[in-house]
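One file, start_35.tsv, is given below (TSV, C-alpha atoms).
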```tsv
chain	number	residue	atom	x	y	z
A	1	MET	CA	113.80	132.79	87.63
A	2	MET	CA	111.47	135.13	85.77
A	3	ALA	CA	108.47	133.35	84.30
A	4	ASP	CA	108.80	135.14	80.97
A	5	GLN	CA	112.48	134.40	80.49
A	6	GLU	CA	112.71	132.11	77.49
A	7	ARG	CA	114.91	129.05	77.41
A	8	ILE	CA	115.25	126.28	74.85
A	9	ILE	CA	114.43	122.64	75.53
A	10	GLU	CA	114.83	119.62	73.28
A	11	ILE	CA	111.67	117.59	72.84
A	12	GLU	CA	111.92	114.18	71.18
A	13	VAL	CA	108.57	113.17	69.76
A	14	LEU	CA	107.67	109.69	68.58
A	15	ARG	CA	106.27	110.23	65.09
A	16	TYR	CA	104.22	107.74	63.16
A	17	ARG	CA	102.71	108.84	59.89
A	18	PRO	CA	101.14	105.66	58.47
A	19	GLU	CA	101.34	106.97	54.89
A	20	GLN	CA	105.14	107.44	55.04
A	21	ASP	CA	106.60	105.62	58.07
A	22	ASP	CA	107.02	101.84	58.24
A	23	LYS	CA	107.40	102.06	61.99
A	24	PRO	CA	107.39	104.86	64.61
A	25	VAL	CA	110.50	107.10	64.53
A	26	LEU	CA	111.79	109.75	66.92
A	27	GLN	CA	112.03	113.35	65.75
A	28	THR	CA	113.74	116.06	67.81
A	29	PHE	CA	112.48	119.65	68.07
A	30	GLU	CA	114.08	122.61	69.81
A	31	VAL	CA	111.33	124.46	71.61
A	32	PRO	CA	111.59	127.83	73.33
A	33	PHE	CA	109.66	127.75	76.61
A	34	THR	CA	108.82	129.78	79.67
A	35	ASP	CA	108.40	128.53	83.24
A	36	ASP	CA	104.63	128.32	83.01
A	37	MET	CA	104.54	126.12	79.88
A	38	SER	CA	103.25	122.56	80.01
A	39	VAL	CA	104.44	119.71	77.81
A	40	LEU	CA	101.15	120.11	75.93
A	41	GLN	CA	101.99	123.74	75.22
A	42	GLY	CA	105.39	122.60	73.98
A	43	LEU	CA	103.65	120.29	71.50
A	44	GLN	CA	101.32	123.11	70.47
A	45	TYR	CA	104.38	125.28	69.81
A	46	ILE	CA	105.78	122.55	67.55
A	47	LYS	CA	102.49	122.25	65.67
A	48	ASP	CA	102.07	126.03	65.29
A	49	HIS	CA	105.66	126.93	64.41
A	50	LEU	CA	107.79	123.92	63.47
A	51	ASP	CA	105.71	121.09	61.98
A	52	GLY	CA	101.98	121.47	61.41
A	53	SER	CA	101.57	117.76	60.69
A	54	LEU	CA	102.19	116.71	64.30
A	55	SER	CA	99.05	115.04	65.69
A	56	PHE	CA	97.98	114.78	69.33
A	57	ARG	CA	94.74	114.90	71.31
A	58	TRP	CA	93.91	117.64	73.76
A	59	SER	CA	90.97	119.69	74.88
A	60	CYS	CA	90.66	121.29	78.31
A	61	ARG	CA	94.32	122.03	79.24
A	62	MET	CA	93.50	121.59	82.94
A	63	ALA	CA	93.42	117.86	83.77
A	64	ILE	CA	89.67	117.51	83.46
A	65	CYS	CA	89.02	116.04	80.01
A	66	GLY	CA	91.52	113.17	80.02
A	67	SER	CA	92.47	113.60	76.33
A	68	CYS	CA	96.18	114.43	76.47
A	69	GLY	CA	97.61	111.33	78.15
A	70	MET	CA	101.00	110.30	76.73
A	71	MET	CA	104.32	108.79	77.75
A	72	VAL	CA	106.71	111.47	79.01
A	73	ASN	CA	110.19	110.03	79.50
A	74	GLY	CA	108.60	106.60	79.65
A	75	GLU	CA	105.96	107.41	82.27
A	76	PRO	CA	102.26	107.80	81.57
A	77	MET	CA	101.27	111.42	82.27
A	78	LEU	CA	98.78	114.09	81.31
A	79	SER	CA	100.83	116.44	79.14
A	80	CYS	CA	98.79	119.43	80.35
A	81	LYS	CA	99.70	118.69	83.96
A	82	THR	CA	103.42	118.15	83.30
A	83	PHE	CA	105.75	121.13	82.99
A	84	LEU	CA	108.70	121.63	80.64
A	85	ARG	CA	110.70	123.43	83.36
A	86	ASP	CA	110.97	120.17	85.31
A	87	PHE	CA	113.00	118.55	82.51
A	88	HIS	CA	115.32	121.46	81.64
A	89	PRO	CA	118.29	121.45	81.06
A	90	GLY	CA	117.78	117.81	80.08
A	91	LYS	CA	115.57	116.86	77.17
A	92	LEU	CA	112.32	115.00	77.24
A	93	ARG	CA	110.86	112.26	75.13
A	94	VAL	CA	107.17	112.24	74.34
A	95	GLU	CA	105.56	109.07	73.01
A	96	ALA	CA	102.06	107.74	72.41
A	97	LEU	CA	100.44	105.97	75.38
A	98	THR	CA	101.91	102.51	75.51
A	99	HIS	CA	99.79	99.31	75.27
A	100	PHE	CA	97.53	100.95	72.67
A	101	PRO	CA	97.84	100.82	68.87
A	102	ILE	CA	99.09	104.12	67.41
A	103	GLU	CA	96.84	105.75	64.85
A	104	LYS	CA	99.09	108.71	64.10
A	105	ASP	CA	101.96	110.27	66.07
A	106	LEU	CA	100.66	110.65	69.66
A	107	VAL	CA	97.08	109.65	68.84
A	108	VAL	CA	96.19	106.12	69.96
A	109	ASP	CA	93.26	103.90	69.09
A	110	ALA	CA	91.20	103.86	72.30
A	111	GLY	CA	88.57	101.47	70.88
A	112	ASP	CA	89.37	98.61	73.25
A	113	PHE	CA	89.08	100.88	76.29
A	114	ILE	CA	85.81	102.38	75.06
A	115	ASP	CA	84.32	98.92	74.44
A	116	LYS	CA	85.24	97.90	77.98
A	117	LEU	CA	83.85	101.11	79.42
A	118	GLU	CA	80.56	100.49	77.64
A	119	SER	CA	80.37	96.90	78.89
A	120	VAL	CA	80.23	97.62	82.63
A	121	THR	CA	76.96	99.58	82.88
A	122	ALA	CA	78.83	102.68	84.04
A	123	TYR	CA	75.70	104.48	85.20
A	124	ILE	CA	73.22	104.11	88.04
A	125	VAL	CA	70.43	101.63	87.52
A	126	PRO	CA	68.01	102.59	90.32
A	127	ALA	CA	67.57	99.83	92.90
A	128	GLU	CA	64.04	101.09	93.49
A	129	PRO	CA	62.83	103.20	90.56
A	130	ARG	CA	61.02	106.35	91.65
A	131	GLU	CA	58.57	108.61	89.90
A	132	LEU	CA	59.71	112.19	89.31
A	133	ALA	CA	57.13	113.39	91.83
A	134	GLU	CA	58.71	111.18	94.52
A	135	GLY	CA	61.81	113.33	94.52
A	136	GLU	CA	65.54	112.58	94.62
A	137	TYR	CA	67.34	109.37	95.46
A	138	LEU	CA	68.68	110.24	98.89
A	139	GLN	CA	72.05	109.17	100.23
A	140	THR	CA	73.94	109.84	103.46
A	141	PRO	CA	77.46	111.36	103.40
A	142	ARG	CA	78.80	108.03	104.64
A	143	GLN	CA	77.14	106.17	101.77
A	144	ARG	CA	78.64	108.70	99.36
A	145	ASP	CA	82.12	108.21	100.85
A	146	GLU	CA	81.95	104.54	99.80
A	147	TYR	CA	82.43	105.43	96.14
A	148	GLU	CA	83.34	109.11	95.88
A	149	GLN	CA	87.06	108.83	95.03
A	150	TYR	CA	86.30	106.32	92.25
A	151	SER	CA	83.94	108.83	90.64
A	152	SER	CA	86.89	111.15	89.91
A	153	CYS	CA	88.05	109.02	86.96
A	154	ILE	CA	88.41	111.05	83.73
A	155	ASN	CA	89.03	108.04	81.44
A	156	CYS	CA	92.50	109.26	80.50
A	157	MET	CA	93.81	105.67	80.23
A	158	LEU	CA	97.10	106.41	82.00
A	159	CYS	CA	96.43	103.42	84.26
A	160	TYR	CA	96.10	101.18	81.19
A	161	ALA	CA	99.49	102.37	79.96
A	162	ALA	CA	100.86	101.68	83.47
A	163	CYS	CA	99.35	98.21	83.88
A	164	PRO	CA	101.79	95.43	82.92
A	165	GLN	CA	98.96	92.90	82.91
A	166	TYR	CA	96.98	94.90	80.36
A	167	GLY	CA	100.19	95.17	78.35
A	168	LEU	CA	100.57	91.39	78.36
A	169	SER	CA	96.95	90.67	77.54
A	170	SER	CA	94.32	93.18	76.49
A	171	GLU	CA	91.67	90.62	77.49
A	172	PHE	CA	92.07	92.00	81.03
A	173	THR	CA	89.26	94.44	81.81
A	174	GLY	CA	91.89	96.72	83.33
A	175	PRO	CA	92.24	99.16	86.25
A	176	GLY	CA	90.22	102.22	85.17
A	177	VAL	CA	87.12	100.36	84.03
A	178	LEU	CA	87.15	98.09	87.11
A	179	ALA	CA	87.45	101.17	89.35
A	180	LEU	CA	84.49	102.73	87.58
A	181	LEU	CA	82.55	99.47	87.87
A	182	HIS	CA	83.25	99.57	91.60
A	183	ARG	CA	82.09	103.19	91.76
A	184	TYR	CA	78.59	102.08	90.69
A	185	ASN	CA	78.56	98.78	92.63
A	186	ALA	CA	79.45	100.67	95.81
A	187	ASP	CA	76.67	103.24	95.29
A	188	SER	CA	73.75	102.69	97.69
A	189	ARG	CA	71.26	103.88	95.05
A	190	ASP	CA	72.33	101.34	92.43
A	191	GLY	CA	70.69	97.99	91.73
A	192	ALA	CA	72.80	96.48	88.92
A	193	LYS	CA	75.51	94.84	91.01
A	194	ARG	CA	74.39	91.36	90.00
A	195	GLU	CA	75.07	91.98	86.31
A	196	ARG	CA	78.39	93.73	86.98
A	197	MET	CA	79.59	90.91	89.23
A	198	GLU	CA	79.68	88.63	86.18
A	199	ILE	CA	82.44	90.85	84.81
A	200	VAL	CA	84.21	91.00	88.18
A	201	ASN	CA	84.12	87.22	88.60
A	202	ALA	CA	85.53	86.38	85.18
A	203	GLU	CA	89.14	85.45	84.51
A	204	GLU	CA	89.35	88.74	82.56
A	205	GLY	CA	87.78	90.62	85.49
A	206	VAL	CA	89.57	91.31	88.77
A	207	TRP	CA	91.49	88.03	88.51
A	208	GLY	CA	93.63	89.39	85.70
A	209	CYS	CA	95.28	91.68	88.28
A	210	THR	CA	98.43	90.67	90.16
A	211	LEU	CA	98.49	93.76	92.39
A	212	VAL	CA	101.42	95.61	90.84
A	213	GLY	CA	99.80	98.89	91.95
A	214	TYR	CA	101.39	101.19	89.36
A	215	CYS	CA	97.88	102.15	88.15
A	216	SER	CA	97.19	103.98	91.40
A	217	GLU	CA	100.57	105.74	91.27
A	218	VAL	CA	100.06	107.28	87.83
A	219	CYS	CA	96.43	108.34	88.26
A	220	PRO	CA	96.30	112.13	87.83
A	221	LYS	CA	93.02	112.34	89.77
A	222	ASN	CA	94.14	110.33	92.82
A	223	VAL	CA	91.78	107.47	92.12
A	224	ASP	CA	93.04	104.20	93.57
A	225	PRO	CA	92.13	101.51	91.01
A	226	ALA	CA	94.32	98.92	92.75
A	227	SER	CA	92.17	99.28	95.85
A	228	ALA	CA	88.95	98.96	93.84
A	229	VAL	CA	90.24	95.81	92.15
A	230	ASN	CA	91.33	94.24	95.42
A	231	GLN	CA	88.09	95.05	97.21
A	232	ASN	CA	86.42	93.23	94.37
A	233	LYS	CA	88.71	90.21	94.70
A	234	ILE	CA	87.18	89.90	98.17
A	235	ASN	CA	83.68	90.46	96.78
A	236	SER	CA	84.29	87.89	94.07
A	237	THR	CA	85.64	85.34	96.55
A	238	LEU	CA	82.63	85.80	98.84
A	239	ASP	CA	80.42	85.48	95.81
A	240	TYR	CA	82.21	82.29	94.74
A	241	PHE	CA	81.74	80.51	98.04
A	242	THR	CA	78.31	81.86	99.06
A	243	ARG	CA	76.54	81.41	95.72
A	244	PHE	CA	75.37	77.93	96.74
A	245	LEU	CA	74.03	79.21	100.06
A	246	THR	CA	72.03	82.24	98.98
A	247	PRO	CA	68.67	81.89	97.25
A	248	ARG	CA	69.73	84.22	94.41
A	249	GLY	CA	72.97	82.36	93.85
A	250	GLY	CA	75.29	85.05	95.17
A	251	THR	CA	76.02	88.42	93.52
A	252	SER	CA	73.44	90.09	95.75
B	1	MET	CA	85.17	92.23	74.49
B	2	GLN	CA	83.84	88.72	74.49
B	3	THR	CA	80.20	88.37	75.43
B	4	SER	CA	80.27	85.04	77.33
B	5	ARG	CA	82.27	85.30	80.52
B	6	ARG	CA	83.46	82.27	82.40
B	7	ARG	CA	83.58	82.47	86.18
B	8	SER	CA	87.18	82.19	87.32
B	9	SER	CA	88.19	79.46	89.78
B	10	GLU	CA	90.79	81.87	91.16
B	11	PRO	CA	88.87	82.54	94.44
B	12	ILE	CA	89.90	79.06	95.64
B	13	PHE	CA	93.60	79.69	95.05
B	14	TRP	CA	93.40	83.31	96.14
B	15	SER	CA	91.83	82.29	99.47
B	16	LEU	CA	94.61	79.76	100.08
B	17	PHE	CA	97.13	82.42	99.01
B	18	GLY	CA	95.61	84.91	101.45
B	19	ALA	CA	95.49	82.47	104.34
B	20	GLY	CA	99.06	81.43	103.53
B	21	GLY	CA	100.06	85.08	103.49
B	22	VAL	CA	99.02	85.44	107.12
B	23	ILE	CA	101.05	82.36	108.06
B	24	VAL	CA	104.08	83.47	106.01
B	25	ALA	CA	103.96	86.97	107.48
B	26	PHE	CA	103.29	86.21	111.13
B	27	VAL	CA	104.04	82.57	111.97
B	28	LEU	CA	106.84	81.52	109.61
B	29	PRO	CA	109.34	84.20	110.77
B	30	VAL	CA	108.90	82.98	114.37
B	31	VAL	CA	109.38	79.35	113.31
B	32	ILE	CA	112.54	80.30	111.37
B	33	LEU	CA	113.79	82.41	114.29
B	34	ILE	CA	113.41	79.52	116.75
B	35	THR	CA	114.41	76.53	114.63
B	36	GLY	CA	116.88	78.18	112.28
B	37	ILE	CA	118.60	80.85	114.37
B	38	ALA	CA	117.93	80.85	118.13
B	39	VAL	CA	118.49	77.13	118.79
B	40	PRO	CA	121.52	76.62	116.46
B	41	LEU	CA	123.20	79.76	117.88
B	42	GLY	CA	122.53	78.64	121.44
B	43	VAL	CA	120.25	81.55	122.29
B	44	PHE	CA	117.72	78.91	123.31
B	45	PRO	CA	119.00	75.68	124.94
B	46	SER	CA	119.26	72.80	122.48
B	47	GLU	CA	116.80	70.75	124.56
B	48	VAL	CA	114.06	72.95	123.07
B	49	MET	CA	114.48	71.03	119.83
B	50	ASN	CA	115.51	67.58	121.04
B	51	PHE	CA	113.97	64.56	119.34
B	52	GLU	CA	111.61	63.49	122.12
B	53	ARG	CA	110.17	66.98	122.50
B	54	ALA	CA	109.72	67.46	118.77
B	55	GLN	CA	108.17	64.04	118.38
B	56	SER	CA	105.72	64.49	121.24
B	57	PHE	CA	104.71	67.83	119.74
B	58	ALA	CA	104.13	66.26	116.32
B	59	ALA	CA	102.26	63.37	117.91
B	60	SER	CA	99.66	65.59	119.56
B	61	TRP	CA	96.64	66.67	117.52
B	62	ILE	CA	97.29	70.34	118.13
B	63	GLY	CA	100.89	69.81	116.98
B	64	LYS	CA	99.84	67.91	113.87
B	65	LEU	CA	97.33	70.61	112.99
B	66	SER	CA	99.84	73.43	113.54
B	67	LEU	CA	102.48	71.73	111.38
B	68	LEU	CA	99.97	70.98	108.63
B	69	VAL	CA	98.73	74.58	108.56
B	70	ILE	CA	102.27	75.99	108.45
B	71	ILE	CA	103.55	73.57	105.79
B	72	SER	CA	100.49	73.47	103.56
B	73	LEU	CA	99.42	77.12	103.55
B	74	THR	CA	103.02	78.31	103.08
B	75	LEU	CA	103.21	76.06	100.01
B	76	TRP	CA	99.90	77.31	98.58
B	77	HIS	CA	100.96	80.89	99.16
B	78	SER	CA	104.36	80.43	97.53
B	79	VAL	CA	103.23	78.56	94.41
B	80	HIS	CA	100.50	81.11	93.75
B	81	ARG	CA	103.05	83.92	93.91
B	82	ILE	CA	105.40	81.99	91.60
B	83	TYR	CA	102.56	81.29	89.17
B	84	LEU	CA	101.57	84.98	89.01
B	85	SER	CA	105.21	86.07	88.76
B	86	LEU	CA	105.64	83.87	85.69
B	87	HIS	CA	102.95	85.96	84.04
B	88	ASP	CA	104.58	89.19	85.24
B	89	LEU	CA	107.78	88.01	83.57
B	90	GLY	CA	105.89	87.67	80.31
B	91	ILE	CA	105.53	83.88	80.33
B	92	GLN	CA	102.09	83.06	78.97
B	93	ARG	CA	99.59	81.49	81.32
B	94	ARG	CA	99.38	77.86	80.34
B	95	ALA	CA	97.54	75.00	82.03
B	96	ILE	CA	100.83	73.10	82.44
B	97	TYR	CA	102.31	75.82	84.67
B	98	LYS	CA	99.13	76.00	86.70
B	99	TRP	CA	99.16	72.23	87.23
B	100	LEU	CA	102.86	72.28	88.04
B	101	CYS	CA	102.59	75.10	90.60
B	102	TYR	CA	99.41	74.07	92.34
B	103	GLY	CA	100.40	70.41	91.95
B	104	VAL	CA	103.47	71.01	94.11
B	105	ALA	CA	101.30	72.56	96.83
B	106	PHE	CA	98.74	69.78	96.59
B	107	ALA	CA	101.40	67.05	96.70
B	108	GLY	CA	103.09	68.80	99.64
B	109	THR	CA	99.80	68.99	101.49
B	110	VAL	CA	99.01	65.30	100.88
B	111	ALA	CA	102.54	64.30	101.93
B	112	ALA	CA	102.28	66.40	105.09
B	113	VAL	CA	98.94	64.82	106.02
B	114	VAL	CA	100.22	61.26	105.42
B	115	LEU	CA	103.51	61.80	107.27
B	116	LEU	CA	101.87	63.58	110.20
B	117	LEU	CA	99.28	60.83	110.57
B	118	ARG	CA	102.04	58.18	110.69
B	119	ILE	CA	103.76	59.82	113.68
```
Kindly transcribe the structure held in the file into structure tokens.
Amino acid sequence: MMADQERIIEIEVLRYRPEQDDKPVLQTFEVPFTDDMSVLQGLQYIKDHLDGSLSFRWSCRMAICGSCGMMVNGEPMLSCKTFLRDFHPGKLRVEALTHFPIEKDLVVDAGDFIDKLESVTAYIVPAEPRELAEGEYLQTPRQRDEYEQYSSCINCMLCYAACPQYGLSSEFTGPGVLALLHRYNADSRDGAKRERMEIVNAEEGVWGCTLVGYCSEVCPKNVDPASAVNQNKINSTLDYFTRFLTPRGGTS
Amino acid sequence: MQTSRRRSSEPIFWSLFGAGGVIVAFVLPVVILITGIAVPLGVFPSEVMNFERAQSFAASWIGKLSLLVIISLTLWHSVHRIYLSLHDLGIQRRAIYKWLCYGVAFAGTVAAVVLLLRI
């Protein structure tokens, strides 16, 4: 089919305008689209031509920024990476990311996620600080392989919308942040593992996970948070039983 | 997020769950195949399971140990899975469920030890 041939698709959008809606309501729009249009572009069409009050987050349009995560037919997806043609001739339903409070329409309050992200020291604390004149912190390709996939996280929160445990209790640190924590703990240049292990070891740390694994399925960047969490269940168990044996009390 | 984090005691139960998982995956199917299918269907002769044989197996230390490992770790594995599944089903984690689940495994382990020692 020609890419510029226009068709019409029905998009149901979950609206919530706090000043006028008591609770979220669905609103249907008929959107003309071409083969190369993403769900995000469909929403932009609605905002530009049908209803300027529709609110949603977006920035890069190419699965890098992690802003446009939403539920598309009940599954957490990046709307820029999902195409309207795949739903035609059926319709699609677009809703705010589940498990997060809605601020307006498709915009959620990400405060809880941000707080968690800030709590895990998601940056390298040099194990052996070096002066600038001493040059770079060197690492072998094998050492880099230990953490590389976990460094692809774009904080889009799709895994939080996928995680039933986070949905049941937001106390759970959650897949994305634990994967990012692992990214730094597994980095040979880092020296802050001891502090991060306190988060891992807690009830709200890795032990909130029951290995459902949906987080790894929905990740648009092929990060495997379920693997990171389970590697850290092993780390936490070793830490639990060896803390009495090691001079530093484990977490080394 | 809360600032004071309590270390979880889960590693104890998770270790038992993991060890039990190995037993449930590799040993239990063989036990079921022999005792539940092959002998009753006559694939193996019924003498394999006759009383004297079974008793002499359970009377030896290696037999006692094998039976204890199979019974106890299978219990710990199962109750942990049930406990976590309760949460998956949306039933709040409460101490009573934890005591109930792990209590069953603990009681089963104690019973197995006592009964095996009396053989």
**OP:** Return as a PyMOL selection string the residues belonging to chain A that are within 9 Å of chain B, counting only C-alpha atoms.
**Re:** chain A and resi 112+115-116+119+164-165+168+171+173+198-205+207+210+233-234+236-238+240-241
Subject >> Closest of B:Ile37, B:Val104, B:Val43, B:Leu67 to Leu117 of chain B - atom-to-atom distances counting only C-alpha atoms >> reply: B:Leu67
Original post:
Can you tell me, as a ChimeraX atom specification, what residues are no more than 7 Å from Val223 of chain A when counting all atoms listed in the file, ignoring any on the same chain fewer than 6 positions away?
Top reply: /A:149-150,152-153,216
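The smallest atom-to-atom distance between Leu73 of chain B and any of B:Met49, B:Ala105, B:Ala25, B:Ile96, using all atoms listed in the file, is found for B:Ala105.
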**OP:** Write out as a list in words each polymer residue whose atoms come within 6 Å of Ala127 of chain A, counting all atoms listed in the file; drop sequence neighbours fewer than 4 positions from it.
**Re:** Arg189, Asp190 and Gly191 of chain A
Take every atom of segment 115-119 of chain B listed in the file, pad by 3 Å on each side, and give me the axis-aligned box centre and edge lengths in Å, one decimal, as lines of an AutoDock Vina configuration file.
```
center_x = 101.5
center_y = 60.9
center_z = 110.5
size_x = 10.5
size_y = 11.4
size_z = 12.4
```
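Between atom CA of Leu106 of chain A and atom CA of Cys60 of chain A the interatomic distance comes to 17.0 Å.
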Subject >> Non-local contacts of segment 6-18 of chain A (6 Å; all atoms listed in the file; under 5 positions in same chain excluded) as a list of chain:residue names >> reply: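 In the requested format, the answer is A:Pro24, A:Val25, A:Leu26, A:Gln27, A:Thr28, A:Phe29, A:Glu30, A:Val31, A:Pro32, A:Phe33, A:Thr34, A:Lys91, A:Leu92, A:Arg93, A:Val94, A:Glu95, A:Lys104, A:Asp105.
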**OP:** Enter the distance from atom CA of Arg243 of chain A to atom CA of Met197 of chain A, in Å, rounded to one decimal.
**Re:**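 The value is 11.9 Å.
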Selection near Trp58 of chain A, 12 Å with only C-alpha atoms, sequence-local residues under 2 positions removed, as an mmCIF file with C-alpha atoms, in the frame of the given file:
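out.cif written:
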```cif
data_model
loop_
_atom_site.group_PDB
_atom_site.id
_atom_site.type_symbol
_atom_site.label_atom_id
_atom_site.label_comp_id
_atom_site.auth_asym_id
_atom_site.auth_seq_id
_atom_site.Cartn_x
_atom_site.Cartn_y
_atom_site.Cartn_z
ATOM 1 C CA VAL A 39 104.440 119.710 77.810
ATOM 2 C CA LEU A 40 101.150 120.110 75.930
ATOM 3 C CA GLN A 41 101.990 123.740 75.220
ATOM 4 C CA LEU A 43 103.650 120.290 71.500
ATOM 5 C CA GLN A 44 101.320 123.110 70.470
ATOM 6 C CA SER A 55 99.050 115.040 65.690
ATOM 7 C CA PHE A 56 97.980 114.780 69.330
ATOM 8 C CA CYS A 60 90.660 121.290 78.310
ATOM 9 C CA ARG A 61 94.320 122.030 79.240
ATOM 10 C CA MET A 62 93.500 121.590 82.940
ATOM 11 C CA ALA A 63 93.420 117.860 83.770
ATOM 12 C CA ILE A 64 89.670 117.510 83.460
ATOM 13 C CA CYS A 65 89.020 116.040 80.010
ATOM 14 C CA GLY A 66 91.520 113.170 80.020
ATOM 15 C CA SER A 67 92.470 113.600 76.330
ATOM 16 C CA CYS A 68 96.180 114.430 76.470
ATOM 17 C CA GLY A 69 97.610 111.330 78.150
ATOM 18 C CA MET A 70 101.000 110.300 76.730
ATOM 19 C CA LEU A 78 98.780 114.090 81.310
ATOM 20 C CA SER A 79 100.830 116.440 79.140
ATOM 21 C CA CYS A 80 98.790 119.430 80.350
ATOM 22 C CA LYS A 81 99.700 118.690 83.960
ATOM 23 C CA LEU A 106 100.660 110.650 69.660
ATOM 24 C CA VAL A 107 97.080 109.650 68.840
ATOM 25 C CA CYS A 156 92.500 109.260 80.500
#
```
Please write C-alpha atoms of segment 91-119 of chain B, from the structure given just now, as a compact mmCIF listing (two decimals), in the first residue's frame.
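Now in part34.txt:
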```txt
# COMPACT_ATOMS: atom_id res chain seq x y z
CA ILE B 91 -4.14 -10.59 48.84
CA GLN B 92 -2.16 -8.28 51.11
CA ARG B 93 0.97 -9.66 52.72
CA ARG B 94 0.09 -10.28 56.33
CA ALA B 95 2.11 -11.96 59.06
CA ILE B 96 -0.65 -14.55 59.55
CA TYR B 97 -0.26 -15.87 55.99
CA LYS B 98 3.49 -15.97 56.34
CA TRP B 99 3.22 -17.95 59.58
CA LEU B 100 0.61 -20.24 58.06
CA CYS B 101 2.64 -20.99 54.91
CA TYR B 102 6.07 -21.35 56.43
CA GLY B 103 4.51 -22.99 59.50
CA VAL B 104 3.25 -25.84 57.33
CA ALA B 105 6.74 -26.38 55.92
CA PHE B 106 8.33 -26.17 59.36
CA ALA B 107 5.81 -28.58 60.88
CA GLY B 108 6.26 -30.96 57.94
CA THR B 109 10.01 -30.86 58.37
CA VAL B 110 9.80 -31.54 62.12
CA ALA B 111 7.32 -34.38 61.54
CA ALA B 112 9.56 -35.89 58.87
CA VAL B 113 12.60 -35.76 61.16
CA VAL B 114 10.71 -37.34 64.10
CA LEU B 115 9.08 -40.06 62.00
CA LEU B 116 12.28 -40.91 60.14
CA LEU B 117 14.23 -41.17 63.39
CA ARG B 118 11.64 -43.60 64.81
CA ILE B 119 12.09 -46.06 61.94
```
